[in-house]
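Structure file work_36.cif; described as mmCIF, C-alpha atoms and all ligand atoms; chains and numbers go by the auth columns.
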data_run
loop_
_atom_site.group_PDB
_atom_site.id
_atom_site.type_symbol
_atom_site.label_atom_id
_atom_site.label_comp_id
_atom_site.label_asym_id
_atom_site.label_seq_id
_atom_site.Cartn_x
_atom_site.Cartn_y
_atom_site.Cartn_z
_atom_site.B_iso_or_equiv
_atom_site.auth_seq_id
_atom_site.auth_asym_id
ATOM 1 C CA MET A 1 0.000 0.000 0.000 0.00 27 A
ATOM 2 C CA PRO A 2 2.716 2.627 0.847 0.00 28 A
ATOM 3 C CA PHE A 3 4.493 1.692 -2.374 0.00 29 A
ATOM 4 C CA VAL A 4 1.378 2.510 -4.395 0.00 30 A
ATOM 5 C CA LEU A 5 0.996 5.859 -2.598 0.00 31 A
ATOM 6 C CA ALA A 6 4.611 6.723 -3.280 0.00 32 A
ATOM 7 C CA ALA A 7 4.257 5.905 -6.935 0.00 33 A
ATOM 8 C CA ASP A 8 1.165 8.106 -7.169 0.00 34 A
ATOM 9 C CA ASN A 9 2.816 11.130 -5.646 0.00 35 A
ATOM 10 C CA PRO A 10 3.742 13.555 -8.457 0.00 36 A
ATOM 11 C CA LEU A 11 6.440 15.117 -6.244 0.00 37 A
ATOM 12 C CA GLN A 12 8.143 11.776 -5.655 0.00 38 A
ATOM 13 C CA PRO A 13 11.051 12.450 -8.093 0.00 39 A
ATOM 14 C CA VAL A 14 11.786 15.709 -6.223 0.00 40 A
ATOM 15 C CA ILE A 15 11.659 13.942 -2.872 0.00 41 A
ATOM 16 C CA ASP A 16 13.920 11.238 -4.240 0.00 42 A
ATOM 17 C CA VAL A 17 16.523 13.825 -5.206 0.00 43 A
ATOM 18 C CA TYR A 18 16.127 15.647 -1.884 0.00 44 A
ATOM 19 C CA GLU A 19 16.687 12.474 0.077 0.00 45 A
ATOM 20 C CA SER A 20 19.441 11.062 -2.080 0.00 46 A
ATOM 21 C CA PRO A 21 22.875 10.626 -0.433 0.00 47 A
ATOM 22 C CA ALA A 22 24.476 12.768 -3.156 0.00 48 A
ATOM 23 C CA PHE A 23 22.184 15.712 -2.368 0.00 49 A
ATOM 24 C CA ARG A 24 22.824 15.420 1.353 0.00 50 A
ATOM 25 C CA ALA A 25 26.561 15.251 0.794 0.00 51 A
ATOM 26 C CA GLY A 26 26.275 18.357 -1.384 0.00 52 A
ATOM 27 C CA VAL A 27 24.401 20.265 1.329 0.00 53 A
ATOM 28 C CA ARG A 28 26.973 19.225 3.896 0.00 54 A
ATOM 29 C CA LEU A 29 29.803 20.350 1.628 0.00 55 A
ATOM 30 C CA ALA A 30 28.136 23.715 1.031 0.00 56 A
ATOM 31 C CA LEU A 31 27.697 24.203 4.795 0.00 57 A
ATOM 32 C CA LEU A 32 31.336 23.309 5.350 0.00 58 A
ATOM 33 C CA LEU A 33 32.437 25.860 2.733 0.00 59 A
ATOM 34 C CA VAL A 34 30.313 28.545 4.405 0.00 60 A
ATOM 35 C CA VAL A 35 31.887 27.796 7.785 0.00 61 A
ATOM 36 C CA VAL A 36 35.408 27.773 6.331 0.00 62 A
ATOM 37 C CA LEU A 37 34.759 31.080 4.568 0.00 63 A
ATOM 38 C CA TRP A 38 33.333 32.550 7.787 0.00 64 A
ATOM 39 C CA LEU A 39 36.428 31.569 9.805 0.00 65 A
ATOM 40 C CA ALA A 40 38.809 32.635 7.020 0.00 66 A
ATOM 41 C CA LEU A 41 37.176 36.075 6.905 0.00 67 A
ATOM 42 C CA ALA A 42 37.487 36.442 10.689 0.00 68 A
ATOM 43 C CA LEU A 43 41.163 35.467 10.414 0.00 69 A
ATOM 44 C CA TRP A 44 41.632 38.009 7.645 0.00 70 A
ATOM 45 C CA VAL A 45 40.041 40.706 9.842 0.00 71 A
ATOM 46 C CA TYR A 46 42.502 39.792 12.610 0.00 72 A
ATOM 47 C CA LYS A 47 45.544 39.962 10.335 0.00 73 A
ATOM 48 C CA ASP A 48 44.427 43.164 8.639 0.00 74 A
ATOM 49 C CA ALA A 49 43.461 44.858 11.915 0.00 75 A
ATOM 50 C CA ARG A 50 46.861 44.071 13.428 0.00 76 A
ATOM 51 C CA ARG A 51 48.579 45.886 10.576 0.00 77 A
ATOM 52 C CA ARG A 52 46.351 48.932 10.891 0.00 78 A
ATOM 53 C CA MET A 53 45.621 49.312 14.614 0.00 79 A
ATOM 54 C CA ASP A 54 47.775 49.664 17.709 0.00 80 A
ATOM 55 C CA ASP A 55 45.037 49.076 20.261 0.00 81 A
ATOM 56 C CA PRO A 56 44.526 45.361 21.132 0.00 82 A
ATOM 57 C CA ILE A 57 40.979 46.168 22.323 0.00 83 A
ATOM 58 C CA LEU A 58 40.021 47.607 18.943 0.00 84 A
ATOM 59 C CA ILE A 59 41.550 44.581 17.204 0.00 85 A
ATOM 60 C CA GLY A 60 39.539 42.313 19.528 0.00 86 A
ATOM 61 C CA VAL A 61 36.331 44.208 18.733 0.00 87 A
ATOM 62 C CA ALA A 62 36.983 43.890 14.991 0.00 88 A
ATOM 63 C CA VAL A 63 37.633 40.137 15.224 0.00 89 A
ATOM 64 C CA ALA A 64 34.607 39.625 17.498 0.00 90 A
ATOM 65 C CA ALA A 65 32.437 41.462 14.968 0.00 91 A
ATOM 66 C CA GLY A 66 33.826 39.207 12.240 0.00 92 A
ATOM 67 C CA LEU A 67 32.975 36.074 14.244 0.00 93 A
ATOM 68 C CA LEU A 68 29.605 37.148 15.680 0.00 94 A
ATOM 69 C CA PHE A 69 28.272 38.592 12.430 0.00 95 A
ATOM 70 C CA PRO A 70 29.501 36.201 9.742 0.00 96 A
ATOM 71 C CA PHE A 71 30.181 37.972 6.416 0.00 97 A
ATOM 72 C CA ILE A 72 28.426 41.172 7.547 0.00 98 A
ATOM 73 C CA GLY A 73 31.048 41.878 10.252 0.00 99 A
ATOM 74 C CA PRO A 74 34.066 41.701 7.902 0.00 100 A
ATOM 75 C CA PHE A 75 32.119 43.682 5.299 0.00 101 A
ATOM 76 C CA VAL A 76 31.406 46.489 7.785 0.00 102 A
ATOM 77 C CA TYR A 77 35.022 46.314 8.998 0.00 103 A
ATOM 78 C CA LEU A 78 36.160 46.911 5.439 0.00 104 A
ATOM 79 C CA PHE A 79 34.530 50.357 5.555 0.00 105 A
ATOM 80 C CA LEU A 80 35.396 51.320 9.126 0.00 106 A
ATOM 81 C CA ARG A 81 39.030 50.194 9.249 0.00 107 A
ATOM 82 C CA PRO A 82 41.831 52.795 9.367 0.00 108 A
ATOM 83 C CA PRO A 83 42.795 53.652 5.789 0.00 109 A
ATOM 84 C CA GLU A 84 46.540 53.198 6.277 0.00 110 A
ATOM 85 C CA TYR A 85 48.901 50.502 7.492 0.00 111 A
ATOM 86 C CA LEU A 86 50.732 51.406 10.713 0.00 112 A
ATOM 87 C CA ASP A 87 54.042 50.872 8.916 0.00 113 A
ATOM 88 C CA ASP A 88 53.114 53.510 6.336 0.00 114 A
ATOM 89 C CA VAL A 89 51.994 55.961 9.023 0.00 115 A
ATOM 90 C CA ARG A 90 55.264 55.522 10.949 0.00 116 A
ATOM 91 C CA GLU A 91 57.322 55.855 7.786 0.00 117 A
ATOM 92 C CA ARG A 92 55.546 59.076 6.836 0.00 118 A
ATOM 93 C CA GLU A 93 55.987 60.556 10.316 0.00 119 A
ATOM 94 C CA LEU A 94 59.681 59.747 10.136 0.00 120 A
ATOM 95 C CA GLU A 95 59.966 61.417 6.737 0.00 121 A
ATOM 96 C CA ILE A 96 58.168 64.531 7.984 0.00 122 A
ATOM 97 C CA ARG A 97 60.500 64.731 10.981 0.00 123 A
ATOM 98 C CA LEU A 98 63.530 64.418 8.702 0.00 124 A
ATOM 99 C CA MET A 99 62.182 67.118 6.386 0.00 125 A
ATOM 100 C CA GLU A 100 61.547 69.442 9.334 0.00 126 A
ATOM 101 C CA ARG A 101 65.144 68.980 10.365 0.00 127 A
ATOM 102 C CA ARG A 102 66.491 69.785 6.925 0.00 128 A
ATOM 103 C CA PHE A 103 64.207 72.721 6.082 0.00 129 A
ATOM 104 C CA GLY A 104 63.804 75.079 8.997 0.00 130 A
ATOM 105 C CA GLY A 105 62.110 73.892 12.163 0.00 131 A
ATOM 106 C CA ALA A 106 64.899 72.327 14.189 0.00 132 A
ATOM 107 C CA GLU A 107 68.432 73.695 13.894 0.00 133 A
ATOM 108 C CA VAL A 108 71.294 71.940 12.164 0.00 134 A
ATOM 109 C CA CYS A 109 75.063 72.099 12.626 0.00 135 A
ATOM 110 C CA PRO A 110 76.606 74.553 10.107 0.00 136 A
ATOM 111 C CA TYR A 111 79.510 72.177 9.549 0.00 137 A
ATOM 112 C CA CYS A 112 77.983 68.682 9.229 0.00 138 A
ATOM 113 C CA ALA A 113 74.231 69.514 9.008 0.00 139 A
ATOM 114 C CA GLY A 114 73.557 67.074 11.852 0.00 140 A
ATOM 115 C CA PRO A 115 70.594 67.870 14.127 0.00 141 A
ATOM 116 C CA VAL A 116 71.422 70.183 17.057 0.00 142 A
ATOM 117 C CA GLU A 117 69.350 71.827 19.776 0.00 143 A
ATOM 118 C CA ALA A 118 69.217 75.567 20.407 0.00 144 A
ATOM 119 C CA ASP A 119 71.239 75.275 23.633 0.00 145 A
ATOM 120 C CA PHE A 120 74.044 72.954 22.449 0.00 146 A
ATOM 121 C CA ILE A 121 77.598 74.221 23.072 0.00 147 A
ATOM 122 C CA VAL A 122 79.163 71.858 20.506 0.00 148 A
ATOM 123 C CA CYS A 123 77.740 69.716 17.710 0.00 149 A
ATOM 124 C CA PRO A 124 77.231 66.161 19.065 0.00 150 A
ATOM 125 C CA SER A 125 77.998 64.689 15.634 0.00 151 A
ATOM 126 C CA CYS A 126 81.231 66.462 14.638 0.00 152 A
ATOM 127 C CA SER A 127 82.212 68.356 17.852 0.00 153 A
ATOM 128 C CA THR A 128 82.279 71.734 16.099 0.00 154 A
ATOM 129 C CA PRO A 129 81.877 74.558 18.691 0.00 155 A
ATOM 130 C CA LEU A 130 78.451 76.122 18.207 0.00 156 A
ATOM 131 C CA ARG A 131 78.115 78.653 21.060 0.00 157 A
ATOM 132 C CA GLU A 132 80.069 80.307 23.844 0.00 158 A
ATOM 133 C CA ARG A 133 79.034 80.120 27.445 0.00 159 A
ATOM 134 C CA CYS A 134 78.043 83.206 29.374 0.00 160 A
ATOM 135 C CA ASP A 135 80.794 84.343 31.755 0.00 161 A
ATOM 136 C CA GLY A 136 78.199 85.225 34.358 0.00 162 A
ATOM 137 C CA CYS A 137 75.826 82.232 34.406 0.00 163 A
ATOM 138 C CA GLN A 138 77.476 79.638 32.158 0.00 164 A
ATOM 139 C CA ARG A 139 74.413 79.340 29.938 0.00 165 A
ATOM 140 C CA PRO A 140 74.896 78.912 26.163 0.00 166 A
ATOM 141 C CA LEU A 141 74.722 82.193 24.264 0.00 167 A
ATOM 142 C CA ASP A 142 73.463 82.767 20.749 0.00 168 A
ATOM 143 C CA PRO A 143 76.291 84.399 18.710 0.00 169 A
ATOM 144 C CA THR A 144 73.971 87.288 17.745 0.00 170 A
ATOM 145 C CA TRP A 145 73.169 88.281 21.343 0.00 171 A
ATOM 146 C CA VAL A 146 75.023 91.324 22.687 0.00 172 A
ATOM 147 C CA VAL A 147 73.849 90.661 26.220 0.00 173 A
ATOM 148 C CA CYS A 148 73.054 87.484 28.146 0.00 174 A
ATOM 149 C CA PRO A 149 69.267 87.292 28.465 0.00 175 A
ATOM 150 C CA TYR A 150 69.551 85.216 31.627 0.00 176 A
ATOM 151 C CA CYS A 151 71.882 87.302 33.808 0.00 177 A
ATOM 152 C CA ALA A 152 72.395 90.541 31.806 0.00 178 A
ATOM 153 C CA ALA A 153 76.176 90.046 31.635 0.00 179 A
ATOM 154 C CA ARG A 154 77.778 91.213 28.380 0.00 180 A
ATOM 155 C CA PRO A 155 79.976 88.777 26.482 0.00 181 A
ATOM 156 C CA PRO A 156 83.571 90.148 26.727 0.00 182 A
ATOM 157 C CA ALA A 157 84.164 90.348 22.976 0.00 183 A
ATOM 158 C CA ARG A 158 81.079 92.462 22.350 0.00 184 A
ATOM 159 C CA ALA A 159 80.977 94.514 25.548 0.00 185 A
HETATM 160 ZN ZN ZN B . 78.365 69.027 13.249 0.00 201 B
HETATM 161 ZN ZN ZN B . 74.518 84.924 31.700 0.00 202 B
#
Could you write out this file's structure as structure tokens?
Amino acid sequence: MPFVLAADNPLQPVIDVYESPAFRAGVRLALLLVVVLWLALALWVYKDARRRMDDPILIGVAVAAGLLFPFIGPFVYLFLRPPEYLDDVRERELEIRLMERRFGGAEVCPYCAGPVEADFIVCPSCSTPLRERCDGCQRPLDPTWVVCPYCAARPPARA
């Protein structure tokens, strides 16, 4: 009797396909691929976030979003992530600092162009004398000053 019913059912070929081992294996494979893709995307978020962010909490939030919201989390992260790699940011800051040294900003030694501070007596790179000390207070004097601004003593040569 059940055999007759099954044969009469017009949807039986569809059910046969649905219940076939090949179909089930296919569904399982598709699920596996989805899970692998989900984990791979979360891993990608982690690797990418580490290159762009310093803060371990922010990195954790990004990875958690990637895991808790499969596919949507990494997609949102793609738009919210910092636009630059940390390495690039550091490199650019270093370049800017170097440029500031060479063009105005910080002072340079007139002999070797090494970086010097305004109150250096000699250049730390080439030991060229840069300034005299005040006779009164021993502070470094700018060569253009005619009087010590700290103790009002006059440098002997220009008194
Ligand atoms: Zn020098
Ligand atoms: Zn002085």
Protein and nucleic acid residues within 12 Å of ligand ZN 201 (chain B) (only C-alpha atoms and all ligand atoms) as a VMD selection string: chain A and resid 133 to 143 146 to 156
What's around range 170-180 of chain A at 12 Å? Count only C-alpha atoms, leave out sequence neighbours fewer than 5 positions away in its own chain, and write the answer as a compact mmCIF listing (two decimals) with C-alpha atoms, keeping the file's coordinate frame.
# COMPACT_ATOMS: atom_id res chain seq x y z
CA ARG A 157 78.11 78.65 21.06
CA GLU A 158 80.07 80.31 23.84
CA ARG A 159 79.03 80.12 27.44
CA CYS A 160 78.04 83.21 29.37
CA ASP A 161 80.79 84.34 31.76
CA GLY A 162 78.20 85.22 34.36
CA CYS A 163 75.83 82.23 34.41
CA GLN A 164 77.48 79.64 32.16
CA ARG A 165 74.41 79.34 29.94
CA ALA A 185 80.98 94.51 25.55
Considering only C-alpha atoms and all ligand atoms, state which residue in the set A:Pro166, A:Pro182, A:Pro39, A:Gly92 is at the smallest distance from ligand ZN 202 (chain B). A:Pro166
Residues near Phe101 in chain A, anyone? I mean within 10 Å using only C-alpha atoms, not counting same-chain ones fewer than 5 positions away, as a PDB file with C-alpha atoms, in the frame of the given file.
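Once everything was written out, this is result30.pdb:
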ATOM      1  CA  LEU A  67      37.176  36.075   6.905  1.00  0.00           C
ATOM      2  CA  VAL A  71      40.041  40.706   9.842  1.00  0.00           C
ATOM      3  CA  ALA A  91      32.437  41.462  14.968  1.00  0.00           C
ATOM      4  CA  GLY A  92      33.826  39.207  12.240  1.00  0.00           C
ATOM      5  CA  PHE A  95      28.272  38.592  12.430  1.00  0.00           C
ATOM      6  CA  PRO A  96      29.501  36.201   9.742  1.00  0.00           C
ATOM      7  CA  LEU A 106      35.396  51.320   9.126  1.00  0.00           C
TER       8      LEU A 106
END
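You will find CA of Asp114 in chain A at 25.3 Å from CA of Ala66 in chain A.
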Resolved residues for the PyMOL selection byres (((chain A and resi 73-79) around 8) and not hetatm) as an MDAnalysis selection string: chainID A and resid 69:72 80:82 84:85 88 107:113
